>>> print(open('start.cif').read())   # mmCIF, C-alpha atoms
data_entry
#
loop_
_atom_site.label_atom_id
_atom_site.label_comp_id
_atom_site.auth_asym_id
_atom_site.auth_seq_id
_atom_site.Cartn_x
_atom_site.Cartn_y
_atom_site.Cartn_z
CA LEU A 1 -11.18 15.66 20.99
CA LYS A 2 -7.91 13.85 21.53
CA ALA A 3 -7.99 10.96 23.98
CA LYS A 4 -5.86 11.43 27.06
CA SER A 5 -3.31 8.67 27.44
CA VAL A 6 -1.83 7.46 30.73
CA PRO A 7 1.31 5.36 31.28
CA LEU A 8 0.48 1.66 31.11
CA SER A 9 2.42 0.94 34.29
CA ALA A 10 0.23 3.42 36.20
CA VAL A 11 -2.91 1.37 35.57
CA ALA A 12 -1.36 -2.11 35.28
CA LYS A 13 -3.08 -3.43 38.42
CA LYS A 14 -6.50 -2.35 37.13
CA ILE A 15 -6.22 -3.82 33.63
CA ARG A 16 -8.33 -6.88 32.87
CA LYS A 17 -7.84 -6.71 29.09
CA LEU A 18 -5.52 -4.73 26.85
CA VAL A 19 -6.86 -3.95 23.39
CA ILE A 20 -4.17 -3.45 20.78
CA LEU A 21 -5.28 -1.85 17.54
CA ASP A 22 -3.09 -2.87 14.62
CA ILE A 23 -3.73 0.14 12.41
CA LYS A 24 -1.74 2.80 10.63
CA TRP A 25 -0.67 5.70 12.84
CA THR A 26 -2.36 8.06 10.41
CA LYS A 27 -5.68 6.30 11.12
CA SER A 28 -5.33 6.10 14.92
CA GLY A 29 -7.37 9.26 15.50
CA MET A 30 -10.31 7.57 13.79
CA ILE A 31 -10.88 5.29 16.79
CA GLN A 32 -12.42 8.19 18.67
CA LEU A 33 -15.12 8.38 16.03
CA ASP A 34 -16.14 4.77 16.62
CA PRO A 35 -18.74 4.75 19.44
CA SER A 36 -17.72 1.26 20.57
CA LEU A 37 -14.10 2.34 21.05
CA SER A 38 -14.44 5.99 22.03
CA GLN A 39 -14.85 5.17 25.73
CA VAL A 40 -11.93 2.75 25.92
CA PRO A 41 -9.16 4.34 28.02
CA CYS A 42 -5.89 4.99 26.21
CA VAL A 43 -2.50 3.99 27.57
CA HIS A 44 1.06 4.36 26.35
CA LEU A 45 4.39 2.72 27.08
CA GLU A 46 6.24 4.58 29.78
CA PHE A 47 9.63 3.29 28.65
CA PRO A 48 9.46 2.54 24.92
CA PRO A 49 12.72 1.58 23.25
CA GLN A 50 14.30 4.22 21.03
CA ILE A 51 15.04 1.79 18.20
CA SER A 52 12.77 -0.84 16.69
CA HIS A 53 14.31 -4.18 15.76
CA PHE A 54 11.49 -5.02 13.38
CA TRP A 55 9.69 -1.86 12.31
CA ARG A 56 10.23 -0.70 8.76
CA TRP A 57 9.96 2.87 7.55
CA HIS A 58 6.47 4.21 6.94
CA ASN A 59 5.22 7.57 5.71
CA CYS A 60 4.18 9.34 8.84
CA CYS A 61 6.19 8.72 11.90
CA GLY A 62 9.94 8.24 11.52
CA GLU A 63 12.20 7.20 14.39
CA GLY A 64 11.03 5.58 17.59
CA MET A 65 8.03 3.70 16.22
CA LEU A 66 7.50 0.03 17.04
CA SER A 67 5.95 -2.86 15.21
CA THR A 68 2.74 -4.15 16.76
CA ILE A 69 4.44 -7.26 18.17
CA GLU A 70 7.15 -5.11 19.77
CA ALA A 71 4.51 -2.85 21.33
CA ILE A 72 2.73 -5.93 22.74
CA TYR A 73 6.01 -7.31 24.10
CA PHE A 74 6.99 -4.04 25.79
CA ALA A 75 3.46 -3.57 27.14
CA ALA A 76 3.57 -7.06 28.69
CA LEU A 77 7.01 -6.31 30.11
CA GLU A 78 5.90 -3.01 31.68
CA VAL A 79 2.82 -4.64 33.19
CA SER A 80 4.87 -7.53 34.57
CA VAL A 81 7.29 -5.12 36.27
CA ALA A 82 4.40 -3.07 37.67
CA LEU A 83 2.79 -6.24 39.03
CA GLY A 84 6.04 -7.27 40.69
CA TRP A 85 6.71 -10.44 38.72
CA ASP A 86 10.07 -12.00 39.53
CA ARG A 87 12.81 -11.98 36.90
CA GLU A 88 12.27 -15.62 35.90
CA ARG A 89 8.58 -15.07 35.22
CA ARG A 90 9.24 -11.81 33.32
CA ASP A 91 11.86 -13.55 31.18
CA GLN A 92 9.12 -15.85 29.83
CA ILE A 93 7.55 -12.89 28.00
CA ILE A 94 10.32 -13.01 25.38
CA ASN A 95 8.87 -16.30 24.08
CA MET A 96 6.14 -14.36 22.27
CA MET A 97 8.85 -12.87 20.07
CA TRP A 98 10.20 -16.22 18.85
CA LEU A 99 8.27 -16.42 15.57
CA PHE A 100 8.95 -12.78 14.78
CA SER A 101 12.65 -13.30 15.50
CA LEU A 102 12.67 -16.26 13.13
CA GLN A 103 11.10 -14.09 10.41
CA ARG A 104 13.71 -11.38 11.09
CA SER A 105 16.50 -13.99 10.71
CA ILE A 106 15.10 -15.11 7.36
CA ILE A 107 14.87 -11.51 6.14
CA SER A 108 18.44 -10.90 7.33
CA ALA A 109 19.74 -13.95 5.46
CA LYS A 110 17.99 -12.90 2.23
CA ALA A 111 19.32 -9.36 2.53
CA SER A 112 22.89 -10.58 3.02
CA THR A 113 22.77 -12.75 -0.11
CA SER A 114 21.27 -9.92 -2.18
CA LEU A 115 23.80 -7.39 -0.85
CA LYS A 116 20.95 -5.09 0.17
CA PRO A 117 20.78 -3.42 3.57
CA LEU A 118 18.47 -4.96 6.13
CA PRO A 119 15.02 -3.37 5.74
CA PHE A 120 14.92 -2.65 9.51
CA SER A 121 18.41 -1.12 9.61
CA LYS A 122 18.94 2.63 9.52
CA GLU A 123 20.25 2.42 5.94
CA GLY A 124 17.41 0.13 4.86
CA LYS A 125 14.79 2.45 6.33
CA ALA A 126 16.42 5.41 4.54
CA GLN A 127 16.27 3.52 1.22
CA GLN A 128 12.61 2.62 1.78
CA LYS A 129 11.82 6.23 2.60
CA ALA A 130 13.57 7.48 -0.56
CA ALA A 131 11.80 4.87 -2.70
CA ARG A 132 8.41 5.76 -1.18
CA ILE A 133 8.98 9.46 -1.76
CA ARG A 134 9.94 8.78 -5.40
CA LYS A 135 6.90 6.53 -5.87
CA ASP A 136 4.54 8.96 -4.13
CA GLY A 137 5.94 11.81 -6.20
CA LYS A 138 5.36 9.86 -9.43
CA ASP A 139 1.87 8.88 -8.26
CA LYS A 140 0.99 12.47 -7.42
CA GLU A 141 2.38 13.72 -10.72
CA ALA A 142 0.36 11.10 -12.64
CA GLN A 143 -2.74 12.01 -10.64
CA ARG A 144 -2.20 15.71 -11.37
CA LYS A 145 -1.85 14.98 -15.12
CA ARG A 146 -5.02 12.87 -15.11
CA SER A 147 -6.98 15.60 -13.37
CA GLN A 148 -5.76 18.15 -15.93
CA ARG A 149 -6.94 15.92 -18.79
CA ASP A 150 -10.24 15.01 -17.24
CA PRO A 151 -11.29 17.45 -14.52
CA PHE A 152 -14.56 15.58 -13.87
#
>>> encode(input="start.cif", output="structure tokens")
Amino acid sequence: LKAKSVPLSAVAKKIRKLVILDIKWTKSGMIQLDPSLSQVPCVHLEFPPQISHFWRWHNCCGEGMLSTIEAIYFAALEVSVALGWDRERRDQIINMMWLFSLQRSIISAKASTSLKPLPFSKEGKAQQKAARIRKDGKDKEAQRKRSQRDPF
């Protein structure tokens, strides 16, 4: 059974705690098998950004995916709007991104000195995807050869 997800803003006034699972997307269906988590209601961002400023390419999901810290930031922002926070109070939410922004700046500086594309840029994500596909292909080929040599 797939858990039904509702927009976070629709239940913002009822939320006492928001549990964020920092797991691979390919493993997210496993939470329904865990009895302690299977009854936890699922929510989603109503207005997720189309482009991640931090997320790097991963096997399964492609465009539109967010890093965990971005998801937390946008969740807090959606809840604050739903609760009617004024602009000044909502603007304080960005402070949680400071450390991550610093890390992004360091990565950007290293990429510029190495003449490599930023890992979170469109070109950088494409390179990571190509490298992963090459690596996975080599890994699968090596695994296939091993299984042919030693089937048990």
>>> closest_residue(input="start.cif", among="A:Asn95, A:Ser38, A:Val43, A:Gln50", to="Pro7 in chain A", atoms="all atoms listed in the file")
A:Val43
>>> atom_distance(input="start.cif", atom1="CA of Arg90 in chain A", atom2="CA of Glu78 in chain A")
9.6 Å
>>> closest_residue(input="start.cif", among="A:Pro41, A:Lys13, A:Leu66, A:Gln128", to="Lys116 in chain A", atoms="all atoms listed in the file")
A:Gln128
>>> residues_around(input="start.cif", residues="Ser80 in chain A", least_positions_apart="2", cutoff="10 Å", atoms="only C-alpha atoms", output="ChimeraX atom specification")
/A:9,12-13,74-78,82-87,89-91,93
>>> closest_residue(input="start.cif", among="A:Met30, A:Ala71, A:Val79, A:Leu102", to="Ile15 in chain A", atoms="all atoms listed in the file")
A:Val79
>>> closest_residue(input="start.cif", among="A:Ser114, A:Leu37, A:Ile72, A:Lys125", to="Met96 in chain A", atoms="only C-alpha atoms")
A:Ile72
>>> closest_residue(input="start.cif", among="A:Leu8, A:Leu115, A:Ile51, A:Ile69", to="Ile94 in chain A", atoms="all atoms listed in the file")
A:Ile69
>>> resolve_selection(input="start.cif", expression="the PyMOL selection byres ((chain A and resi 42) around 12)", output="PyMOL selection string")
chain A and resi 2-8+10-11+15+18-21+28-29+31-32+37-41+43-45
>>> resolve_selection(input="start.cif", expression="the PyMOL selection byres ((chain A and resi 67) around 10)", output="list in words")
Asp22, Ser52, His53, Phe54, Trp55, Arg56, Met65, Leu66, Thr68, Ile69, Glu70, Ala71, Ile72 and Tyr73 of chain A
